[in-house]
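The structure appears below as structure tokens.
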Amino acid sequence: MQEMLAGIGKGVNTFLKEIKTQKQTESAYRNLAQQEEYQAALVAAQAQQQNGYLLQSAAEKARKNYRDFFQTQGTQNANFAVAGLDASSATVQYILKNSRFQALLDEQIIAEDLQTQVAQNNEQAVAQVRALKQAAYQNRKAANSGATSWSIGSALSKFLGGF
């Protein structure tokens, strides 16, 4: 009888350790999943912030482009006046149009560069968020499957193994 009670005590002890270990494992997987979800949200927020910085930078480049154009145009008009050229002159008109065309090309380059940078930033963020969410999903799945793969039957077999 005493052997039987010792075996039951050993089995109960093993059973309780098994339950505790399983709960700790599930908790660890759930914590990892929460951390990865949090990281995914941070990556998405940082991507939005980076897009804002890219837009601000492009806006500053565009303002500089317009300032440079107007400075160039003012300098050209002054030089034409000193040279005695009239604004109706075909040469003057050609030079002024060419300057404006160059400014428009620069504006287009700035816009295309902004689109490319934003697209690259978004692609990287989407890939990172997707990977983090997939990892979080896998960790939640592992936590849940641990609960289903661990069964009272396996713990009971360990419990009964104590006899």
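Quick note on naming: the chains in the structure tokens go A, B, ... in the order shown, residues restart at 1 in each chain, and ligands are numbered from 1 in order of appearance.
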
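Within the 10 Å cut-off around Arg100 (chain A), using only C-alpha atoms and omitting residues fewer than 2 positions from it on the same chain, the listed residues are Tyr66, Phe69, Phe70, Thr72, Gln73, Tyr94, Ile95, Leu96, Lys97, Asn98, Gln102, Ala103, Leu104, Leu105 and Asp106 of chain A.
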
Could the residues in this selection be written to a file with all heavy atoms, as a short mmCIF file (atom, residue, chain, number, x, y, z; two decimals), in the first residue's frame?
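Here's the written file selection30.cif:
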data_model
loop_
_atom_site.label_atom_id
_atom_site.label_comp_id
_atom_site.auth_asym_id
_atom_site.auth_seq_id
_atom_site.Cartn_x
_atom_site.Cartn_y
_atom_site.Cartn_z
N TYR A 66 12.15 76.04 -57.81
CA TYR A 66 11.45 77.26 -58.23
C TYR A 66 12.27 78.51 -57.91
O TYR A 66 12.34 79.42 -58.72
CB TYR A 66 10.07 77.34 -57.58
CG TYR A 66 9.06 76.51 -58.30
CD1 TYR A 66 8.50 75.39 -57.69
CD2 TYR A 66 8.66 76.80 -59.60
CE1 TYR A 66 7.58 74.60 -58.35
CE2 TYR A 66 7.74 76.02 -60.28
CZ TYR A 66 7.21 74.92 -59.65
OH TYR A 66 6.31 74.15 -60.31
N PHE A 69 14.96 78.72 -60.44
CA PHE A 69 14.42 79.12 -61.74
C PHE A 69 14.18 80.63 -61.78
O PHE A 69 14.57 81.31 -62.73
CB PHE A 69 13.13 78.36 -62.05
CG PHE A 69 12.37 78.97 -63.19
CD1 PHE A 69 12.84 78.90 -64.50
CD2 PHE A 69 11.18 79.65 -62.97
CE1 PHE A 69 12.14 79.47 -65.55
CE2 PHE A 69 10.48 80.23 -64.02
CZ PHE A 69 10.96 80.14 -65.31
N PHE A 70 13.51 81.15 -60.75
CA PHE A 70 13.22 82.58 -60.73
C PHE A 70 14.49 83.42 -60.63
O PHE A 70 14.57 84.49 -61.22
CB PHE A 70 12.22 82.92 -59.63
CG PHE A 70 10.83 82.46 -59.94
CD1 PHE A 70 10.19 81.53 -59.14
CD2 PHE A 70 10.15 82.92 -61.07
CE1 PHE A 70 8.91 81.09 -59.45
CE2 PHE A 70 8.88 82.50 -61.39
CZ PHE A 70 8.25 81.57 -60.58
N THR A 72 17.42 82.50 -61.87
CA THR A 72 18.01 82.39 -63.20
C THR A 72 17.28 83.31 -64.18
O THR A 72 17.90 84.03 -64.97
CB THR A 72 17.96 80.93 -63.71
OG1 THR A 72 18.69 80.11 -62.79
CG2 THR A 72 18.55 80.78 -65.09
N GLN A 73 15.95 83.28 -64.10
CA GLN A 73 15.15 84.12 -65.00
C GLN A 73 15.44 85.60 -64.74
O GLN A 73 15.59 86.39 -65.69
CB GLN A 73 13.67 83.83 -64.80
CG GLN A 73 12.79 84.45 -65.85
CD GLN A 73 11.33 84.08 -65.65
OE1 GLN A 73 10.86 83.98 -64.51
NE2 GLN A 73 10.63 83.87 -66.75
N TYR A 94 13.53 82.13 -76.71
CA TYR A 94 14.06 80.77 -76.73
C TYR A 94 14.79 80.45 -75.43
O TYR A 94 14.59 79.39 -74.83
CB TYR A 94 14.98 80.57 -77.94
CG TYR A 94 15.65 79.21 -77.93
CD1 TYR A 94 14.96 78.07 -78.33
CD2 TYR A 94 16.97 79.09 -77.50
CE1 TYR A 94 15.57 76.83 -78.30
CE2 TYR A 94 17.58 77.85 -77.46
CZ TYR A 94 16.88 76.73 -77.85
OH TYR A 94 17.48 75.49 -77.83
N ILE A 95 15.65 81.36 -75.01
CA ILE A 95 16.43 81.15 -73.79
C ILE A 95 15.51 81.05 -72.58
O ILE A 95 15.67 80.18 -71.72
CB ILE A 95 17.49 82.25 -73.62
CG1 ILE A 95 18.56 82.12 -74.71
CG2 ILE A 95 18.13 82.19 -72.24
CD1 ILE A 95 19.54 83.27 -74.78
N LEU A 96 14.52 81.94 -72.48
CA LEU A 96 13.59 81.92 -71.35
C LEU A 96 12.74 80.63 -71.34
O LEU A 96 12.53 80.02 -70.29
CB LEU A 96 12.69 83.15 -71.36
CG LEU A 96 13.38 84.49 -71.08
CD1 LEU A 96 12.40 85.64 -71.26
CD2 LEU A 96 13.99 84.50 -69.68
N LYS A 97 12.29 80.22 -72.53
CA LYS A 97 11.51 78.98 -72.62
C LYS A 97 12.36 77.77 -72.24
O LYS A 97 11.90 76.85 -71.58
CB LYS A 97 10.92 78.80 -74.02
CG LYS A 97 9.74 79.68 -74.29
CD LYS A 97 9.20 79.43 -75.69
CE LYS A 97 8.06 80.39 -75.98
NZ LYS A 97 7.51 80.21 -77.32
N ASN A 98 13.61 77.78 -72.68
CA ASN A 98 14.51 76.68 -72.37
C ASN A 98 14.75 76.60 -70.85
O ASN A 98 14.78 75.50 -70.29
CB ASN A 98 15.84 76.84 -73.12
CG ASN A 98 16.71 75.61 -72.97
OD1 ASN A 98 16.23 74.49 -73.10
ND2 ASN A 98 17.97 75.83 -72.66
N GLN A 102 13.72 73.44 -68.54
CA GLN A 102 14.66 72.75 -67.64
C GLN A 102 14.10 72.68 -66.21
O GLN A 102 14.24 71.67 -65.53
CB GLN A 102 16.03 73.45 -67.64
CG GLN A 102 16.81 73.26 -68.92
CD GLN A 102 17.06 71.79 -69.23
OE1 GLN A 102 17.41 71.00 -68.37
NE2 GLN A 102 16.86 71.42 -70.49
N ALA A 103 13.45 73.75 -65.78
CA ALA A 103 12.85 73.75 -64.44
C ALA A 103 11.71 72.73 -64.36
O ALA A 103 11.57 72.03 -63.34
CB ALA A 103 12.33 75.15 -64.10
N LEU A 104 10.93 72.62 -65.42
CA LEU A 104 9.84 71.62 -65.44
C LEU A 104 10.39 70.19 -65.45
O LEU A 104 9.84 69.30 -64.79
CB LEU A 104 8.94 71.85 -66.65
CG LEU A 104 8.06 73.10 -66.59
CD1 LEU A 104 7.35 73.32 -67.93
CD2 LEU A 104 7.06 73.00 -65.46
N LEU A 105 11.49 69.98 -66.18
CA LEU A 105 12.13 68.66 -66.16
C LEU A 105 12.63 68.31 -64.76
O LEU A 105 12.47 67.18 -64.30
CB LEU A 105 13.28 68.60 -67.17
CG LEU A 105 12.90 68.51 -68.64
CD1 LEU A 105 14.16 68.52 -69.50
CD2 LEU A 105 12.10 67.24 -68.90
N ASP A 106 13.25 69.30 -64.12
CA ASP A 106 13.73 69.07 -62.75
C ASP A 106 12.57 68.75 -61.81
O ASP A 106 12.69 67.87 -60.95
CB ASP A 106 14.49 70.30 -62.24
CG ASP A 106 15.82 70.50 -62.95
OD1 ASP A 106 16.32 69.55 -63.60
OD2 ASP A 106 16.38 71.61 -62.83
#

Neighbour list for region 28-30 of chain A as a PyMOL selection string, cut-off 12 Å, only C-alpha atoms, skip fewer than 4 positions in-chain: chain A and resi 21-24+34-37+135-147

Please produce a file of the residues just selected, as a compact mmCIF listing (two decimals), in the first residue's frame, where the atoms kept are C-alpha atoms.
# COMPACT_ATOMS: atom_id res chain seq x y z
CA THR A 21 5.67 23.28 -18.24
CA GLN A 22 2.90 23.31 -20.83
CA LYS A 23 1.39 26.54 -19.48
CA GLN A 24 4.82 28.22 -19.47
CA GLN A 34 2.35 39.86 -28.98
CA GLN A 35 5.87 41.24 -29.39
CA GLU A 36 5.83 40.48 -33.11
CA GLU A 37 2.42 42.15 -33.54
CA ALA A 135 5.78 34.84 -37.21
CA ALA A 136 3.14 36.02 -34.73
CA TYR A 137 0.60 33.72 -36.37
CA GLN A 138 3.01 30.79 -36.15
CA ASN A 139 3.68 31.51 -32.48
CA ARG A 140 -0.03 31.73 -31.68
CA LYS A 141 -0.57 28.53 -33.60
CA ALA A 142 2.26 26.86 -31.66
CA ALA A 143 0.73 28.05 -28.38
CA ASN A 144 -2.68 26.72 -29.37
CA SER A 145 -1.42 23.49 -30.88
CA GLY A 146 0.67 22.93 -27.78
CA ALA A 147 -2.52 22.96 -25.79

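Summary of the local environment: counting only C-alpha atoms, residues at most 8 Å from Ala47 (chain A), other than itself and those fewer than 2 positions away along its chain, are A:Val43, A:Ala44, A:Ala45, A:Gln49, A:Gln50, A:Asn51, A:Asn121, A:Asn122, A:Ala125.
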
Write the residues you've just listed into a file as a compact mmCIF listing (two decimals), in the first residue's frame, and include C-alpha atoms for each of them.
# COMPACT_ATOMS: atom_id res chain seq x y z
CA VAL A 43 7.27 49.10 -38.66
CA ALA A 44 4.03 50.33 -40.27
CA ALA A 45 4.12 53.57 -38.25
CA GLN A 49 6.70 58.61 -40.84
CA GLN A 50 9.43 57.96 -43.41
CA ASN A 51 6.95 58.70 -46.21
CA ASN A 121 9.77 52.34 -48.50
CA ASN A 122 6.27 50.86 -48.64
CA ALA A 125 7.56 47.93 -44.76

Counting only C-alpha atoms, the option among A:Thr25, A:Gln93, A:Gln76, A:Gln39 closest to Ala131 (chain A):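 Checking each candidate against Ala131 (chain A), we get A:Gln39 as the closest.
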
12 Å contact set for Gln48 (chain A), only C-alpha atoms, chain neighbours under 5 positions out, as a PyMOL selection string: chain A and resi 41-43+53-55+118-119+121-126
